[in-house]
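Structure file structure_34.pdb (PDB, C-alpha atoms, pLDDT in the B column) is printed below.
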ATOM      1  CA  MET L  14     -81.859-182.745 -10.375  1.00 47.00           C
ATOM      2  CA  ASP L  15     -82.549-184.295 -13.755  1.00 64.00           C
ATOM      3  CA  ASP L  16     -79.118-184.004 -15.365  1.00 89.00           C
ATOM      4  CA  THR L  17     -77.805-187.504 -14.658  1.00 95.00           C
ATOM      5  CA  THR L  18     -76.643-190.000 -17.265  1.00 95.00           C
ATOM      6  CA  ILE L  19     -75.122-193.470 -17.254  1.00 96.00           C
ATOM      7  CA  GLU L  20     -72.990-194.425 -20.258  1.00 96.00           C
ATOM      8  CA  GLN L  21     -71.147-197.674 -20.987  1.00 95.00           C
ATOM      9  CA  VAL L  22     -67.472-196.821 -21.675  1.00 95.00           C
ATOM     10  CA  GLY L  23     -66.010-200.286 -21.883  1.00 88.00           C
ATOM     11  CA  GLU L  24     -66.948-203.864 -21.341  1.00 90.00           C
ATOM     12  CA  ASP L  25     -66.708-203.490 -17.591  1.00 96.00           C
ATOM     13  CA  ARG L  26     -66.855-199.718 -16.916  1.00 98.00           C
ATOM     14  CA  LEU L  27     -69.524-197.000 -16.829  1.00 98.00           C
ATOM     15  CA  ARG L  28     -69.376-193.207 -16.856  1.00 97.00           C
ATOM     16  CA  VAL L  29     -71.926-191.643 -14.531  1.00 97.00           C
ATOM     17  CA  ARG L  30     -72.587-187.915 -14.918  1.00 97.00           C
ATOM     18  CA  VAL L  31     -74.317-186.011 -12.141  1.00 96.00           C
ATOM     19  CA  GLY L  32     -74.602-182.349 -12.976  1.00 94.00           C
ATOM     20  CA  GLU L  33     -71.072-181.234 -13.805  1.00 93.00           C
ATOM     21  CA  ARG L  34     -69.388-184.149 -12.005  1.00 95.00           C
ATOM     22  CA  GLU L  35     -68.350-187.384 -13.720  1.00 97.00           C
ATOM     23  CA  PHE L  36     -67.445-190.724 -12.199  1.00 98.00           C
ATOM     24  CA  GLU L  37     -66.103-193.918 -13.730  1.00 97.00           C
ATOM     25  CA  VAL L  38     -67.437-197.027 -11.975  1.00 98.00           C
ATOM     26  CA  ASP L  39     -67.598-200.789 -12.367  1.00 97.00           C
ATOM     27  CA  ALA L  40     -70.377-201.838 -14.724  1.00 97.00           C
ATOM     28  CA  ALA L  41     -71.397-204.756 -12.492  1.00 97.00           C
ATOM     29  CA  CYS L  42     -72.474-204.771  -8.859  1.00 97.00           C
ATOM     30  CA  PRO L  43     -69.958-206.661  -6.697  1.00 95.00           C
ATOM     31  CA  HIS L  44     -72.797-208.604  -5.045  1.00 94.00           C
ATOM     32  CA  ARG L  45     -74.419-210.617  -7.868  1.00 93.00           C
ATOM     33  CA  LYS L  46     -73.134-208.769 -10.938  1.00 94.00           C
ATOM     34  CA  GLY L  47     -76.309-206.751 -11.565  1.00 95.00           C
ATOM     35  CA  PHE L  48     -76.004-204.354 -14.513  1.00 96.00           C
ATOM     36  CA  LEU L  49     -75.501-200.921 -12.988  1.00 97.00           C
ATOM     37  CA  ALA L  50     -76.231-199.328 -16.383  1.00 96.00           C
ATOM     38  CA  HIS L  51     -79.858-200.152 -15.523  1.00 96.00           C
ATOM     39  CA  GLY L  52     -79.489-198.839 -11.977  1.00 96.00           C
ATOM     40  CA  TYR L  53     -80.834-195.718 -10.328  1.00 96.00           C
ATOM     41  CA  VAL L  54     -78.673-192.661  -9.631  1.00 97.00           C
ATOM     42  CA  ASN L  55     -79.560-190.516  -6.628  1.00 97.00           C
ATOM     43  CA  ALA L  56     -78.066-187.177  -7.679  1.00 96.00           C
ATOM     44  CA  ALA L  57     -78.599-185.482  -4.322  1.00 96.00           C
ATOM     45  CA  ARG L  58     -76.691-188.170  -2.404  1.00 97.00           C
ATOM     46  CA  LEU L  59     -74.252-189.118  -5.212  1.00 97.00           C
ATOM     47  CA  ARG L  60     -75.215-192.788  -5.057  1.00 98.00           C
ATOM     48  CA  ILE L  61     -75.911-195.517  -7.586  1.00 98.00           C
ATOM     49  CA  THR L  62     -78.292-198.372  -6.779  1.00 97.00           C
ATOM     50  CA  CYS L  63     -78.205-201.802  -8.368  1.00 97.00           C
ATOM     51  CA  PRO L  64     -81.512-202.809  -9.972  1.00 96.00           C
ATOM     52  CA  LEU L  65     -81.061-206.474  -8.988  1.00 95.00           C
ATOM     53  CA  HIS L  66     -80.955-206.502  -5.161  1.00 94.00           C
ATOM     54  CA  HIS L  67     -80.907-202.729  -4.458  1.00 95.00           C
ATOM     55  CA  SER L  68     -77.386-202.430  -3.100  1.00 97.00           C
ATOM     56  CA  SER L  69     -76.497-198.737  -3.042  1.00 97.00           C
ATOM     57  CA  PHE L  70     -72.973-197.341  -3.447  1.00 98.00           C
ATOM     58  CA  SER L  71     -71.325-193.958  -3.002  1.00 98.00           C
ATOM     59  CA  LEU L  72     -70.119-192.607  -6.344  1.00 98.00           C
ATOM     60  CA  GLU L  73     -67.399-190.683  -4.505  1.00 96.00           C
ATOM     61  CA  THR L  74     -65.879-193.529  -2.469  1.00 97.00           C
ATOM     62  CA  GLY L  75     -67.407-196.769  -3.777  1.00 97.00           C
ATOM     63  CA  GLU L  76     -68.545-197.609  -0.242  1.00 97.00           C
ATOM     64  CA  ALA L  77     -71.557-199.952   0.008  1.00 97.00           C
ATOM     65  CA  ILE L  78     -74.261-197.893   1.757  1.00 97.00           C
ATOM     66  CA  THR L  79     -77.281-200.236   1.742  1.00 95.00           C
ATOM     67  CA  GLY L  80     -78.257-203.656   0.497  1.00 93.00           C
ATOM     68  CA  PRO L  81     -77.039-207.203   0.862  1.00 94.00           C
ATOM     69  CA  THR L  82     -73.368-206.476   0.114  1.00 91.00           C
ATOM     70  CA  ASP L  83     -70.572-204.866   2.067  1.00 90.00           C
ATOM     71  CA  ARG L  84     -68.096-205.020  -0.823  1.00 95.00           C
ATOM     72  CA  ARG L  85     -67.022-201.735  -2.382  1.00 96.00           C
ATOM     73  CA  LEU L  86     -67.640-200.647  -5.937  1.00 96.00           C
ATOM     74  CA  CYS L  87     -64.508-199.575  -7.797  1.00 96.00           C
ATOM     75  CA  THR L  88     -65.057-195.897  -8.616  1.00 97.00           C
ATOM     76  CA  ARG L  89     -63.091-192.741  -9.355  1.00 96.00           C
ATOM     77  CA  GLU L  90     -64.064-189.182 -10.112  1.00 96.00           C
ATOM     78  CA  ILE L  91     -63.046-188.055 -13.597  1.00 96.00           C
ATOM     79  CA  THR L  92     -64.546-184.581 -13.568  1.00 86.00           C
ATOM     80  CA  PRO L  93     -62.330-182.303 -15.632  1.00 78.00           C
ATOM     81  CA  PRO L  94     -60.809-179.471 -13.600  1.00 68.00           C
ATOM     82  CA  THR L  95     -62.517-176.117 -13.928  1.00 70.00           C
ATOM     83  CA  ALA L  96     -60.494-173.126 -15.046  1.00 59.00           C
TER      84      ALA L  96
END
Rewrite the structure from the file as structure tokens, please.
Amino acid sequence: MDDTTIEQVGEDRLRVRVGEREFEVDAACPHRKGFLAHGYVNAARLRITCPLHHSSFSLETGEAITGPTDRRLCTREITPPTA
């Protein structure tokens, strides 16, 4: 899936689009404040990975999946409802 984008939407927030789904997430990793705008999005697993120490987070729940942190990422789905 190649239709993923990361867009800065405020000083401390990002909009991550994966296909037709959109998520708003913290712009900084809770571990060492790596810039998630430069991170990697795994569209199949709906995860974002920090480029600094490779902590990976669920876009749906914010749960830390891998990496040196167990702190959650603040995230919420903002996908507009379909008619």
Result set of the PyMOL selection byres ((chain L and resi 29) around 6) on the coordinates above, as a list of chain:residue names: L:Thr18, L:Ile19, L:Arg28, L:Arg30, L:Glu35, L:Phe36
Mind giving me the straight-line distance from atom CA of L:Arg45 to atom CA of L:Ala57 in Å, one decimal? 25.7 Å
Which residues would end up in the selection if the PyMOL selection byres ((chain L and resi 22) around 12) were applied here, given that I need the answer as a PDB file with C-alpha atoms, keeping the file's coordinate frame?
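What ended up in result_29.pdb:
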ATOM      1  CA  ILE L  19     -75.122-193.470 -17.254  1.00 96.00           C
ATOM      2  CA  GLU L  20     -72.990-194.425 -20.258  1.00 96.00           C
ATOM      3  CA  GLN L  21     -71.147-197.674 -20.987  1.00 95.00           C
ATOM      4  CA  GLY L  23     -66.010-200.286 -21.883  1.00 88.00           C
ATOM      5  CA  GLU L  24     -66.948-203.864 -21.341  1.00 90.00           C
ATOM      6  CA  ASP L  25     -66.708-203.490 -17.591  1.00 96.00           C
ATOM      7  CA  ARG L  26     -66.855-199.718 -16.916  1.00 98.00           C
ATOM      8  CA  LEU L  27     -69.524-197.000 -16.829  1.00 98.00           C
ATOM      9  CA  ARG L  28     -69.376-193.207 -16.856  1.00 97.00           C
ATOM     10  CA  VAL L  29     -71.926-191.643 -14.531  1.00 97.00           C
ATOM     11  CA  PHE L  36     -67.445-190.724 -12.199  1.00 98.00           C
ATOM     12  CA  GLU L  37     -66.103-193.918 -13.730  1.00 97.00           C
ATOM     13  CA  VAL L  38     -67.437-197.027 -11.975  1.00 98.00           C
ATOM     14  CA  ASP L  39     -67.598-200.789 -12.367  1.00 97.00           C
ATOM     15  CA  ALA L  40     -70.377-201.838 -14.724  1.00 97.00           C
ATOM     16  CA  ALA L  50     -76.231-199.328 -16.383  1.00 96.00           C
TER      17      ALA L  50
END
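If you measure from each of L:Arg34, L:Leu72, L:Asp16, L:Gly47 to L:Pro93 using all atoms listed in the file, the closest one turns out to be L:Arg34.
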Please determine, counting all atoms listed in the file, which residue among L:Glu90, L:Arg85, L:Glu33, L:Cys42 has the shortest atom-to-atom distance to L:His67. L:Cys42
Pick the closest to L:Asn55 from L:Thr74, L:Val31, L:Pro43, L:Thr79: which is it, counting all atoms listed in the file? L:Val31
Tell me, as a VMD selection string, which residues lie within 7 Å of L:Thr82, counting only C-alpha atoms; anything in the same chain fewer than 4 positions away does not count. chain L and resid 44 68 77
Selection export as a PDB file, in the frame of the given file, atoms kept: C-alpha atoms:
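Produced file part19.pdb, reproduced below:
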ATOM      1  CA  HIS L  44     -72.797-208.604  -5.045  1.00 94.00           C
ATOM      2  CA  SER L  68     -77.386-202.430  -3.100  1.00 97.00           C
ATOM      3  CA  ALA L  77     -71.557-199.952   0.008  1.00 97.00           C
TER       4      ALA L  77
END
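With distances taken over all atoms listed in the file, L:Thr88 is the one residue among L:Thr95, L:Lys46, L:Pro81, L:Thr88 lying closest to L:Ile61.
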